[in-house]
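Data from upload35.cif: mmCIF, C-alpha atoms
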data_model
#
loop_
_atom_site.label_atom_id
_atom_site.label_comp_id
_atom_site.auth_asym_id
_atom_site.auth_seq_id
_atom_site.Cartn_x
_atom_site.Cartn_y
_atom_site.Cartn_z
CA MET A 1 -60.50 -0.17 27.99
CA LYS A 2 -61.93 1.33 31.16
CA ARG A 3 -59.56 2.83 33.63
CA SER A 4 -60.44 3.33 37.23
CA ILE A 5 -60.41 6.71 38.84
CA ILE A 6 -57.01 7.86 39.87
CA SER A 7 -56.59 7.49 43.54
CA GLY A 8 -52.92 7.01 43.88
CA ALA A 9 -49.73 6.10 42.15
CA ASP A 10 -50.79 2.46 41.82
CA ASN A 11 -53.37 3.21 39.17
CA PHE A 12 -50.83 4.90 37.00
CA ALA A 13 -48.82 1.70 37.05
CA ASP A 14 -51.78 -0.20 35.61
CA ASN A 15 -51.65 1.91 32.52
CA PHE A 16 -48.27 0.58 31.50
CA ALA A 17 -49.56 -2.63 30.03
CA ASP A 18 -46.37 -3.88 28.48
CA ARG A 19 -43.85 -2.24 30.76
CA LYS A 20 -42.68 -3.20 34.18
CA MET A 21 -42.66 0.12 35.97
CA LYS A 22 -40.10 -0.03 38.72
CA LYS A 23 -40.33 2.39 41.56
CA ILE A 24 -37.67 4.99 41.06
CA LYS A 25 -36.22 6.21 44.28
CA ALA A 26 -37.38 9.77 44.75
CA ASP A 27 -34.49 10.83 46.88
CA ASP A 28 -34.83 14.39 47.93
CA GLY A 29 -31.69 16.02 49.06
CA ASP A 30 -29.63 12.90 48.52
CA ASP A 31 -26.39 12.68 46.65
CA GLU A 32 -27.05 13.78 43.10
CA SER A 33 -25.05 10.98 41.56
CA ASP A 34 -27.44 8.50 43.17
CA LYS A 35 -30.28 10.04 41.23
CA ILE A 36 -28.45 9.86 37.95
CA GLU A 37 -27.53 6.26 38.55
CA SER A 38 -30.96 5.15 39.63
CA VAL A 39 -32.61 6.77 36.63
CA LEU A 40 -30.37 5.20 34.08
CA LEU A 41 -30.41 1.86 35.80
CA ASP A 42 -34.14 1.67 35.31
CA GLU A 43 -34.35 -0.68 32.39
CA ASN A 44 -37.37 0.95 30.82
CA LEU A 45 -35.76 4.36 30.64
CA LEU A 46 -32.44 2.88 29.64
CA TYR A 47 -34.21 1.04 26.84
CA GLU A 48 -35.80 4.30 25.68
CA VAL A 49 -32.42 6.01 25.64
CA LEU A 50 -30.66 3.17 23.85
CA LYS A 51 -33.34 3.15 21.17
CA HIS A 52 -31.62 6.23 19.80
CA ALA A 53 -28.12 4.81 19.99
CA ASP A 54 -26.21 3.51 17.00
CA ALA A 55 -24.63 0.08 16.81
CA ARG A 56 -21.25 1.11 18.11
CA THR A 57 -22.70 2.93 21.10
CA LEU A 58 -24.88 -0.05 21.86
CA GLY A 59 -21.81 -2.23 21.84
CA SER A 60 -20.05 0.10 24.27
CA ALA A 61 -23.16 0.25 26.42
CA ALA A 62 -23.05 -3.51 26.81
CA CYS A 63 -19.72 -3.16 28.57
CA VAL A 64 -20.72 -0.48 31.07
CA ASN A 65 -22.23 -2.54 33.83
CA LYS A 66 -24.50 -5.53 34.39
CA GLN A 67 -27.78 -3.68 34.00
CA TRP A 68 -26.61 -1.95 30.85
CA ASN A 69 -25.25 -5.24 29.57
CA LYS A 70 -28.61 -6.88 30.03
CA THR A 71 -30.52 -4.04 28.38
CA ALA A 72 -28.10 -3.63 25.50
CA LYS A 73 -28.61 -7.27 24.56
CA ASP A 74 -32.32 -6.71 24.02
CA GLU A 75 -33.19 -8.08 20.60
CA ARG A 76 -35.68 -5.29 19.96
CA LEU A 77 -32.89 -2.70 20.05
CA TRP A 78 -30.82 -4.66 17.57
CA GLU A 79 -33.85 -5.21 15.39
CA LEU A 80 -34.25 -1.42 15.23
CA ILE A 81 -30.62 -1.00 14.31
CA CYS A 82 -30.71 -3.68 11.64
CA THR A 83 -33.96 -2.74 10.03
CA LYS A 84 -33.97 1.04 10.08
CA GLN A 85 -31.59 1.15 7.16
CA TRP A 86 -33.00 -1.74 5.21
CA ALA A 87 -34.67 -1.47 1.88
CA ASN A 88 -38.06 -3.04 1.67
CA ILE A 89 -37.26 -6.73 1.54
CA GLY A 90 -40.72 -7.84 0.66
CA CYS A 91 -41.84 -9.61 3.78
CA GLY A 92 -43.69 -8.44 6.85
CA LYS A 93 -41.95 -7.33 10.02
CA GLN A 94 -43.41 -10.09 12.11
CA GLN A 95 -42.38 -12.73 9.63
CA LEU A 96 -38.86 -11.39 9.44
CA ARG A 97 -38.64 -11.18 13.19
CA SER A 98 -39.70 -14.78 13.74
CA VAL A 99 -37.22 -16.06 11.15
CA VAL A 100 -34.27 -14.05 12.40
CA LEU A 101 -34.97 -14.83 16.03
CA ALA A 102 -35.15 -18.53 15.21
CA LEU A 103 -31.82 -18.37 13.43
CA GLY A 104 -29.95 -16.61 16.18
CA GLY A 105 -31.34 -13.13 16.53
CA PHE A 106 -30.70 -9.65 15.24
CA ARG A 107 -27.75 -9.02 17.50
CA ARG A 108 -25.88 -11.96 16.03
CA LEU A 109 -26.96 -11.02 12.53
CA HIS A 110 -25.58 -7.56 12.98
CA ALA A 111 -22.36 -8.63 14.65
CA LEU A 112 -21.50 -11.30 12.12
CA TYR A 113 -22.77 -10.01 8.81
CA LEU A 114 -23.80 -6.39 8.91
CA TRP A 115 -21.07 -4.87 11.04
CA PRO A 116 -18.24 -6.19 8.83
CA LEU A 117 -19.91 -4.55 5.84
CA ALA A 118 -19.88 -1.24 7.58
CA LYS A 119 -16.30 -1.34 8.79
CA PRO A 120 -13.49 0.18 6.72
CA ALA A 121 -11.95 -2.27 4.26
CA ALA A 122 -8.53 -2.37 5.95
CA VAL A 123 -9.86 -4.21 8.97
CA THR A 124 -11.76 -6.90 7.09
CA ALA A 125 -9.16 -7.58 4.40
CA PRO A 126 -7.10 -10.13 6.38
CA GLN A 127 -10.17 -12.28 6.85
CA ALA A 128 -11.06 -12.34 3.19
CA THR A 129 -8.85 -15.31 2.46
CA THR A 130 -10.42 -17.61 5.05
CA ALA A 131 -13.40 -19.56 3.89
CA THR A 132 -15.50 -19.25 7.02
CA THR A 133 -19.09 -18.25 6.88
CA SER A 134 -18.40 -15.08 8.78
CA ALA A 135 -16.29 -13.52 6.03
CA TRP A 136 -17.23 -12.22 2.62
CA PRO A 137 -14.76 -13.98 0.34
CA CYS A 138 -16.65 -13.21 -2.82
CA LEU A 139 -16.72 -9.49 -2.40
CA PRO A 140 -14.33 -7.56 -4.63
CA THR A 141 -11.86 -5.36 -2.80
CA PRO A 142 -13.67 -2.14 -2.04
CA VAL A 143 -12.50 1.15 -3.46
CA LYS A 144 -9.21 2.05 -1.87
CA SER A 145 -9.60 4.86 0.55
CA SER A 146 -7.17 5.91 3.23
CA PRO A 147 -8.29 5.12 6.77
CA ALA A 148 -8.38 8.81 7.59
CA VAL A 149 -11.16 9.41 5.09
CA ALA A 150 -12.84 6.06 5.53
CA PRO A 151 -16.55 6.47 4.92
CA ALA A 152 -18.86 6.55 7.86
CA ALA A 153 -20.84 3.41 8.59
CA LYS A 154 -22.85 2.32 5.60
CA THR A 155 -26.19 4.01 5.83
CA ARG A 156 -28.41 1.93 3.65
CA TRP A 157 -28.56 -1.78 2.99
CA GLY A 158 -29.90 -2.85 -0.35
CA LYS A 159 -32.25 -5.79 -0.82
CA ASP A 160 -29.48 -8.10 -2.03
CA GLU A 161 -27.20 -7.35 0.90
CA VAL A 162 -30.01 -8.04 3.30
CA HIS A 163 -30.95 -11.31 1.62
CA LEU A 164 -27.35 -12.36 1.53
CA SER A 165 -26.77 -11.65 5.18
CA LEU A 166 -29.95 -13.52 6.12
CA SER A 167 -28.83 -16.47 4.02
CA LEU A 168 -25.46 -16.53 5.69
CA LEU A 169 -27.12 -16.41 9.07
CA SER A 170 -29.22 -19.44 8.25
CA ILE A 171 -26.21 -21.30 6.85
CA ARG A 172 -24.31 -20.65 10.04
CA TYR A 173 -27.27 -21.86 12.06
CA TYR A 174 -27.47 -25.14 10.21
CA GLU A 175 -23.73 -25.63 10.37
CA LYS A 176 -23.92 -25.42 14.12
CA MET A 177 -26.79 -27.81 14.41
CA ASN A 178 -25.94 -31.12 15.94
CA PHE A 179 -26.21 -33.77 13.26
CA SER A 180 -25.21 -36.72 15.41
CA GLY A 181 -28.77 -38.07 15.23
CA ARG A 182 -28.67 -38.29 11.47
CA GLY A 183 -27.58 -41.81 10.80
CA LYS A 184 -29.25 -42.33 7.46
CA MET B 1 -71.41 15.36 29.54
CA LYS B 2 -69.30 18.38 28.86
CA LYS B 3 -68.44 20.62 31.75
CA LEU B 4 -66.75 23.92 31.23
CA LYS B 5 -63.82 23.68 33.58
CA PHE B 6 -62.89 27.32 33.75
CA ILE B 7 -65.59 28.08 36.24
CA GLY B 8 -64.01 28.95 39.54
CA ASN B 9 -61.58 31.49 38.29
CA PRO B 10 -63.48 34.75 37.98
CA LEU B 11 -60.58 36.48 36.28
CA LEU B 12 -60.81 34.07 33.40
CA GLN B 13 -64.54 34.31 32.99
CA SER B 14 -64.68 37.38 30.86
CA ARG B 15 -61.97 36.01 28.63
CA GLU B 16 -63.78 32.71 28.49
CA LYS B 17 -66.92 34.40 27.23
CA ILE B 18 -65.00 35.41 24.15
CA ASN B 19 -63.57 31.95 23.85
CA MET B 20 -66.87 30.20 24.32
CA SER B 21 -67.32 29.68 20.65
CA SER B 22 -64.09 27.69 20.53
CA ASP B 23 -65.24 25.77 23.59
CA LYS B 24 -61.85 25.61 25.27
CA LYS B 25 -61.63 23.36 28.24
CA TRP B 26 -59.30 23.86 31.11
CA LEU B 27 -57.91 21.36 33.54
CA THR B 28 -56.11 21.81 36.81
CA LEU B 29 -53.15 19.55 37.36
CA LYS B 30 -51.93 19.28 40.91
CA THR B 31 -48.57 17.77 41.71
CA THR B 32 -49.16 15.80 44.88
CA GLU B 33 -45.50 15.87 45.90
CA ASP B 34 -45.39 19.58 46.48
CA ASN B 35 -49.01 20.63 46.04
CA GLU B 36 -48.48 22.97 43.14
CA GLU B 37 -51.40 23.60 40.84
CA PHE B 38 -51.32 24.30 37.15
CA VAL B 39 -54.29 25.38 35.07
CA VAL B 40 -53.87 24.22 31.52
CA GLU B 41 -55.96 23.86 28.42
CA GLU B 42 -57.22 20.36 27.89
CA SER B 43 -55.70 20.25 24.43
CA VAL B 44 -52.30 20.83 26.01
CA ALA B 45 -52.81 18.40 28.88
CA ILE B 46 -53.89 15.55 26.65
CA MET B 47 -50.44 15.43 25.10
CA SER B 48 -49.92 13.17 28.07
CA ASN B 49 -51.44 9.82 27.22
CA VAL B 50 -52.20 9.16 30.85
CA ILE B 51 -54.23 12.35 31.24
CA LYS B 52 -55.81 11.82 27.84
CA ASN B 53 -57.10 8.42 28.88
CA MET B 54 -58.47 9.82 32.11
CA VAL B 55 -60.31 12.54 30.28
CA GLU B 56 -61.69 10.18 27.65
CA ASP B 57 -62.85 7.71 30.24
CA GLY B 58 -64.59 10.47 32.10
CA CYS B 59 -62.52 10.03 35.22
CA ALA B 60 -61.02 13.47 35.24
CA SER B 61 -62.52 15.62 37.93
CA SER B 62 -61.83 19.33 38.21
CA VAL B 63 -58.43 18.75 39.74
CA ILE B 64 -56.22 15.95 38.52
CA PRO B 65 -53.66 14.77 41.04
CA VAL B 66 -50.31 13.97 39.52
CA PRO B 67 -48.03 11.92 41.73
CA ARG B 68 -44.30 11.54 41.32
CA VAL B 69 -43.79 14.71 39.31
CA LYS B 70 -42.36 17.76 41.01
CA GLY B 71 -43.71 21.26 40.51
CA ASN B 72 -40.78 22.66 38.55
CA ALA B 73 -40.68 19.63 36.25
CA MET B 74 -44.43 19.97 35.71
CA GLY B 75 -44.00 23.61 34.78
CA LYS B 76 -41.38 22.73 32.19
CA ILE B 77 -43.50 19.93 30.80
CA ILE B 78 -46.49 22.22 30.39
CA GLU B 79 -44.30 24.77 28.66
CA PHE B 80 -43.12 22.07 26.26
CA CYS B 81 -46.60 20.74 25.56
CA LYS B 82 -47.96 24.20 25.04
CA LYS B 83 -45.33 25.00 22.46
CA HIS B 84 -45.92 21.76 20.66
CA THR B 85 -49.66 22.24 20.45
CA GLU B 86 -49.37 25.83 19.29
CA GLU B 87 -46.57 25.48 16.79
CA SER B 88 -46.62 23.22 13.78
CA ASP B 89 -43.46 24.33 11.99
CA GLU B 90 -40.91 21.53 12.35
CA LYS B 91 -37.93 23.82 12.17
CA VAL B 92 -39.21 26.14 14.87
CA LEU B 93 -40.01 23.21 17.11
CA LYS B 94 -36.56 21.74 16.61
CA GLU B 95 -34.93 24.99 17.65
CA PHE B 96 -37.23 25.28 20.61
CA ASP B 97 -36.41 21.73 21.71
CA ALA B 98 -32.69 22.33 21.47
CA GLU B 99 -32.98 25.42 23.63
CA PHE B 100 -35.45 23.82 25.99
CA LEU B 101 -33.30 20.77 26.64
CA ASN B 102 -30.23 22.81 27.41
CA LEU B 103 -30.38 21.65 31.00
CA GLY B 104 -28.14 20.04 33.54
CA PRO B 105 -28.20 16.25 33.86
CA ASP B 106 -30.47 16.23 36.91
CA ALA B 107 -33.14 18.42 35.35
CA LEU B 108 -32.87 16.35 32.20
CA TYR B 109 -33.40 13.14 34.09
CA ASP B 110 -36.32 14.58 36.06
CA LEU B 111 -37.88 15.48 32.76
CA MET B 112 -37.23 12.04 31.35
CA VAL B 113 -38.75 10.25 34.32
CA SER B 114 -41.81 12.52 34.28
CA ALA B 115 -42.29 12.25 30.54
CA ASN B 116 -42.08 8.49 30.80
CA PHE B 117 -44.51 8.43 33.67
CA LEU B 118 -47.02 10.72 32.00
CA GLU B 119 -46.53 8.98 28.64
CA ILE B 120 -45.71 12.08 26.63
CA LYS B 121 -44.11 10.46 23.63
CA VAL B 122 -42.80 13.61 21.95
CA LEU B 123 -41.07 14.86 25.07
CA LEU B 124 -39.70 11.45 25.96
CA ASP B 125 -38.27 11.05 22.47
CA SER B 126 -36.61 14.45 22.62
CA VAL B 127 -35.08 13.92 26.04
CA THR B 128 -33.91 10.38 25.39
CA THR B 129 -32.36 11.49 22.10
CA LYS B 130 -30.51 14.19 23.98
CA VAL B 131 -29.24 11.73 26.57
CA ALA B 132 -28.31 9.25 23.84
CA ASP B 133 -26.28 11.98 22.16
CA MET B 134 -24.37 12.40 25.39
CA ILE B 135 -23.12 8.84 25.15
CA LYS B 136 -22.96 8.46 21.37
CA GLY B 137 -19.66 7.20 20.09
CA LYS B 138 -18.17 6.97 23.55
CA SER B 139 -16.34 3.99 24.91
CA SER B 140 -17.77 2.16 27.89
CA GLU B 141 -15.20 3.73 30.19
CA GLU B 142 -16.17 7.21 29.05
CA ILE B 143 -19.86 6.42 29.48
CA ARG B 144 -19.17 5.32 33.03
CA ASN B 145 -17.35 8.53 33.75
CA ILE B 146 -19.99 10.79 32.26
CA LEU B 147 -22.85 9.11 34.05
CA LYS B 148 -20.95 8.10 37.16
CA ILE B 149 -21.83 4.46 36.91
CA GLU B 150 -19.84 1.81 38.66
CA ASN B 151 -18.54 -1.10 36.73
CA ASP B 152 -19.68 -4.41 38.16
CA LEU B 153 -18.73 -6.58 35.21
CA SER B 154 -15.76 -8.89 35.44
CA ALA B 155 -13.02 -8.73 32.84
CA GLU B 156 -14.23 -12.01 31.35
CA GLU B 157 -17.76 -10.73 30.99
CA ILE B 158 -16.54 -7.62 29.23
CA GLU B 159 -14.36 -9.65 26.93
CA GLU B 160 -17.21 -12.00 26.15
CA SER B 161 -19.49 -9.10 25.39
CA ARG B 162 -16.90 -7.61 23.07
CA ARG B 163 -16.40 -10.90 21.32
CA GLU B 164 -20.12 -11.39 20.82
CA ASN B 165 -20.40 -8.01 19.25
CA CYS B 166 -17.20 -8.47 17.24
CA TRP B 167 -15.92 -5.08 18.25
CA THR B 168 -12.24 -4.49 17.97
CA ARG B 169 -10.17 -3.90 21.05
CA GLN B 170 -9.52 -0.28 20.23
CA GLU B 171 -12.42 0.71 22.43
#
When written as structure tokens, how does the structure in this file appear?
Amino acid sequence: MKRSIISGADNFADNFADRKMKKIKADDGDDESDKIESVLLDENLLYEVLKHADARTLGSAACVNKQWNKTAKDERLWELICTKQWANIGCGKQQLRSVVLALGGFRRLHALYLWPLAKPAAVTAPQATTATTSAWPCLPTPVKSSPAVAPAAKTRWGKDEVHLSLSLLSIRYYEKMNFSGRGK
Amino acid sequence: MKKLKFIGNPLLQSREKINMSSDKKWLTLKTTEDNEEFVVEESVAIMSNVIKNMVEDGCASSVIPVPRVKGNAMGKIIEFCKKHTEESDEKVLKEFDAEFLNLGPDALYDLMVSANFLEIKVLLDSVTTKVADMIKGKSSEEIRNILKIENDLSAEEIEESRRENCWTRQE
């Protein structure tokens, strides 16, 4: 890939093949808070920062302002959060990505099926009796632990948990499909 | 065609004669915003992907202009890159990074913007991790306060966002 001789800032922009490089206001001597804001409102940099955030922080980030909301909904960030703790589930990343995105995306997967697994038992217990697809009625009551010493978010998802959550996601997807055309 | 870049600085020449066997190359980076010049080893400079590509494509002349990065940020970046090329011990580097990134928010953001612009992955990762730590575990209100961001979401939008993520209201 040949790159032309640097003559100005424009050529640097060409190097960012898959990024939209927005011009960041280089305000000299302006109010410092403007600089902070403009930097973290740049979606590329915000994306880079949120790559290191955990699920809870990402959720809070989505409620900060419109730009943050838009960036925090990026499926790639949620894919990172979902998959970094997964055991090897035996299929390629691209394959997994296309399936999950077709069924509703990683953000939904996490919110509906992975997050409840990570939360302390006390919060999820009331839902256990309902037979909706978003609960885990078959799970035995977890080991009783007082809320004060509730374990930190589950750090590793086993193969079965992952397969189960993916199955539930697909079930939910098909439940929501419109079957009015099926008159057979 | 390899050119030895140190020519031009007579003070370095005698030192360079000793170094000739290791064939070190030097580059001059000039920040166009404030016209500061920095002479660095090529091995340090190519930690920046942008500069690396220029060098590999043969476009790098004796002085490389670097727009958008200020002199003091450039100095810090070079210090960081130097340390990371010289040191291979993970633990030492971690300690260095922690000390190095002990900066105010503005300096931190300058560094982040420059690292992003120059495509220095290691530095960008370190700085963004540091910034992410600043907001980790905080509620959206707290994030807004720390970073002085104005809220332009309506109450419904916030509620919808919360519902989508299934977070509890305690935040």
For chain B, work out the contacting residues on chain A at 6 Å, counting all atoms listed in the file, and write them as a short mmCIF file (atom, residue, chain, number, x, y, z; two decimals) with C-alpha atoms, in the frame of the given file.
data_model
loop_
_atom_site.label_atom_id
_atom_site.label_comp_id
_atom_site.auth_asym_id
_atom_site.auth_seq_id
_atom_site.Cartn_x
_atom_site.Cartn_y
_atom_site.Cartn_z
CA ILE A 5 -60.41 6.71 38.84
CA VAL A 49 -32.42 6.01 25.64
CA HIS A 52 -31.62 6.23 19.80
CA ALA A 53 -28.12 4.81 19.99
CA THR A 57 -22.70 2.93 21.10
CA SER A 60 -20.05 0.10 24.27
CA ALA A 61 -23.16 0.25 26.42
CA CYS A 63 -19.72 -3.16 28.57
CA VAL A 64 -20.72 -0.48 31.07
CA ASN A 65 -22.23 -2.54 33.83
CA LYS A 66 -24.50 -5.53 34.39
CA ALA A 111 -22.36 -8.63 14.65
#
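The shortest atom-to-atom distance to B:Ser62, with all atoms listed in the file taken into account, belongs to B:Val40 out of B:Val40, B:Ala98, B:Ala115, B:Asn35.
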With the file shown as input, list the residues that the PyMOL selection byres ((chain A and resi 67-76) around 9) selects, as a list in words.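 Evaluating the PyMOL selection byres ((chain A and resi 67-76) around 9) on this file yields Leu40, Leu41, Asp42, Glu43, Asn44, Leu46, Tyr47, Leu50, Lys51, Leu58, Gly59, Ser60, Ala61, Ala62, Cys63, Val64, Asn65, Lys66, Leu77, Trp78, Glu79, Leu80, Ile81, Leu101, Gly105, Phe106 and Arg107 of chain A; Leu153 and Ser161 of chain B.
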Residues within 12 Å of A:Gly90, please, as a VMD selection string. Count all atoms listed in the file; anything in the same chain fewer than 3 positions from it doesn't count. chain A and resid 86 to 87 93 to 96 158 to 160 162 to 163
List as number ranges by chain the protein and nucleic acid residues near B:Gly75, meaning an atom at most 12 Å away when only C-alpha atoms are counted, but skip any in the same chain fewer than 2 places from it. B: 29-31, 36-40, 45, 69-73, 77-82, 110-111, 114
Taking only C-alpha atoms into account, which of A:Leu45, A:Ala102, A:Cys91, A:Leu117 comes nearest A:Glu161?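 For A:Glu161, the nearest of the candidates is A:Leu117.
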Run through the PyMOL selection byres ((chain A and resi 167) around 12) on the given coordinates and return the selected residues as a list in words. Val99, Val100, Leu103, Leu109, Tyr113, Thr133, Ser134, Asp160, Glu161, Val162, His163, Leu164, Ser165, Leu166, Leu168, Leu169, Ser170, Ile171, Arg172, Tyr173 and Tyr174 of chain A
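Of note, atom CA of B:Phe100 and atom CA of B:Met74 are spaced 13.8 Å apart.
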d(atom CA of B:Lys52, atom CA of B:Leu123) in Å: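 Taking atom CA of B:Lys52 and atom CA of B:Leu123, their separation equals 15.3 Å.
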Where does the PyMOL selection byres ((chain B and resi 43) around 10) land in this file, that is, which residues does it pick, as JSON, numbers by chain? {"B": [24, 25, 26, 27, 40, 41, 42, 44, 45, 46, 47, 48, 52, 81, 82, 85, 86]}
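Pairwise distance (atom CA of A:Leu112, atom CA of A:Ala55) equals 12.7 Å.
For the choices B:Asp89, B:Glu95, B:Lys76, B:Lys83, the atom-to-atom distance to B:Ala107 is smallest for B:Lys76 when using all atoms listed in the file.
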Take stretch 63-71 of chain A, model all heavy atoms, and hand the result over as a PDB file, keeping the file's coordinate frame.
ATOM      1  N   CYS A  63     -20.881  -2.932  27.714  1.00  0.00           N
ATOM      2  CA  CYS A  63     -19.720  -3.160  28.570  1.00  0.00           C
ATOM      3  C   CYS A  63     -19.673  -2.209  29.760  1.00  0.00           C
ATOM      4  O   CYS A  63     -18.662  -2.102  30.440  1.00  0.00           O
ATOM      5  CB  CYS A  63     -18.429  -3.002  27.762  1.00  0.00           C
ATOM      6  SG  CYS A  63     -18.338  -4.118  26.369  1.00  0.00           S
ATOM      7  N   VAL A  64     -20.751  -1.483  29.994  1.00  0.00           N
ATOM      8  CA  VAL A  64     -20.720  -0.480  31.070  1.00  0.00           C
ATOM      9  C   VAL A  64     -20.933  -1.120  32.434  1.00  0.00           C
ATOM     10  O   VAL A  64     -20.115  -0.976  33.336  1.00  0.00           O
ATOM     11  CB  VAL A  64     -21.780   0.615  30.822  1.00  0.00           C
ATOM     12  CG1 VAL A  64     -21.940   1.515  32.034  1.00  0.00           C
ATOM     13  CG2 VAL A  64     -21.383   1.455  29.618  1.00  0.00           C
ATOM     14  N   ASN A  65     -22.058  -1.780  32.597  1.00  0.00           N
ATOM     15  CA  ASN A  65     -22.230  -2.540  33.830  1.00  0.00           C
ATOM     16  C   ASN A  65     -23.287  -3.598  33.586  1.00  0.00           C
ATOM     17  O   ASN A  65     -23.797  -3.729  32.473  1.00  0.00           O
ATOM     18  CB  ASN A  65     -22.562  -1.640  35.037  1.00  0.00           C
ATOM     19  CG  ASN A  65     -24.000  -1.170  35.065  1.00  0.00           C
ATOM     20  OD1 ASN A  65     -24.765  -1.374  34.138  1.00  0.00           O
ATOM     21  ND2 ASN A  65     -24.383  -0.522  36.148  1.00  0.00           N
ATOM     22  N   LYS A  66     -23.632  -4.354  34.594  1.00  0.00           N
ATOM     23  CA  LYS A  66     -24.500  -5.530  34.390  1.00  0.00           C
ATOM     24  C   LYS A  66     -25.870  -5.142  33.855  1.00  0.00           C
ATOM     25  O   LYS A  66     -26.409  -5.777  32.942  1.00  0.00           O
ATOM     26  CB  LYS A  66     -24.651  -6.311  35.698  1.00  0.00           C
ATOM     27  CG  LYS A  66     -23.432  -7.125  36.049  1.00  0.00           C
ATOM     28  CD  LYS A  66     -23.712  -8.229  37.063  1.00  0.00           C
ATOM     29  CE  LYS A  66     -22.543  -9.196  37.103  1.00  0.00           C
ATOM     30  NZ  LYS A  66     -21.888  -9.306  38.394  1.00  0.00           N
ATOM     31  N   GLN A  67     -26.442  -4.081  34.425  1.00  0.00           N
ATOM     32  CA  GLN A  67     -27.780  -3.680  34.000  1.00  0.00           C
ATOM     33  C   GLN A  67     -27.761  -3.222  32.543  1.00  0.00           C
ATOM     34  O   GLN A  67     -28.629  -3.578  31.746  1.00  0.00           O
ATOM     35  CB  GLN A  67     -28.277  -2.530  34.913  1.00  0.00           C
ATOM     36  CG  GLN A  67     -29.609  -1.964  34.499  1.00  0.00           C
ATOM     37  CD  GLN A  67     -30.723  -2.949  34.656  1.00  0.00           C
ATOM     38  OE1 GLN A  67     -31.007  -3.451  35.740  1.00  0.00           O
ATOM     39  NE2 GLN A  67     -31.378  -3.257  33.553  1.00  0.00           N
ATOM     40  N   TRP A  68     -26.732  -2.434  32.212  1.00  0.00           N
ATOM     41  CA  TRP A  68     -26.610  -1.950  30.850  1.00  0.00           C
ATOM     42  C   TRP A  68     -26.350  -3.119  29.901  1.00  0.00           C
ATOM     43  O   TRP A  68     -26.859  -3.156  28.785  1.00  0.00           O
ATOM     44  CB  TRP A  68     -25.464  -0.939  30.752  1.00  0.00           C
ATOM     45  CG  TRP A  68     -25.837   0.408  31.245  1.00  0.00           C
ATOM     46  CD1 TRP A  68     -26.311   0.733  32.484  1.00  0.00           C
ATOM     47  CD2 TRP A  68     -25.751   1.633  30.511  1.00  0.00           C
ATOM     48  NE1 TRP A  68     -26.529   2.089  32.572  1.00  0.00           N
ATOM     49  CE2 TRP A  68     -26.187   2.656  31.374  1.00  0.00           C
ATOM     50  CE3 TRP A  68     -25.338   1.970  29.220  1.00  0.00           C
ATOM     51  CZ2 TRP A  68     -26.231   3.990  30.972  1.00  0.00           C
ATOM     52  CZ3 TRP A  68     -25.385   3.291  28.829  1.00  0.00           C
ATOM     53  CH2 TRP A  68     -25.827   4.294  29.708  1.00  0.00           C
ATOM     54  N   ASN A  69     -25.563  -4.061  30.380  1.00  0.00           N
ATOM     55  CA  ASN A  69     -25.250  -5.240  29.570  1.00  0.00           C
ATOM     56  C   ASN A  69     -26.528  -5.975  29.219  1.00  0.00           C
ATOM     57  O   ASN A  69     -26.768  -6.367  28.073  1.00  0.00           O
ATOM     58  CB  ASN A  69     -24.285  -6.143  30.350  1.00  0.00           C
ATOM     59  CG  ASN A  69     -23.840  -7.329  29.539  1.00  0.00           C
ATOM     60  OD1 ASN A  69     -24.553  -8.301  29.370  1.00  0.00           O
ATOM     61  ND2 ASN A  69     -22.650  -7.239  28.976  1.00  0.00           N
ATOM     62  N   LYS A  70     -27.351  -6.144  30.231  1.00  0.00           N
ATOM     63  CA  LYS A  70     -28.610  -6.880  30.030  1.00  0.00           C
ATOM     64  C   LYS A  70     -29.519  -6.138  29.061  1.00  0.00           C
ATOM     65  O   LYS A  70     -30.101  -6.735  28.153  1.00  0.00           O
ATOM     66  CB  LYS A  70     -29.289  -7.003  31.402  1.00  0.00           C
ATOM     67  CG  LYS A  70     -30.486  -7.895  31.404  1.00  0.00           C
ATOM     68  CD  LYS A  70     -30.934  -8.185  32.830  1.00  0.00           C
ATOM     69  CE  LYS A  70     -32.403  -8.556  32.816  1.00  0.00           C
ATOM     70  NZ  LYS A  70     -33.182  -7.902  33.848  1.00  0.00           N
ATOM     71  N   THR A  71     -29.624  -4.820  29.236  1.00  0.00           N
ATOM     72  CA  THR A  71     -30.520  -4.040  28.380  1.00  0.00           C
ATOM     73  C   THR A  71     -29.994  -3.947  26.962  1.00  0.00           C
ATOM     74  O   THR A  71     -30.759  -4.002  26.001  1.00  0.00           O
ATOM     75  CB  THR A  71     -30.716  -2.630  28.950  1.00  0.00           C
ATOM     76  OG1 THR A  71     -31.034  -2.723  30.335  1.00  0.00           O
ATOM     77  CG2 THR A  71     -31.842  -1.907  28.239  1.00  0.00           C
TER      78      THR A  71
END
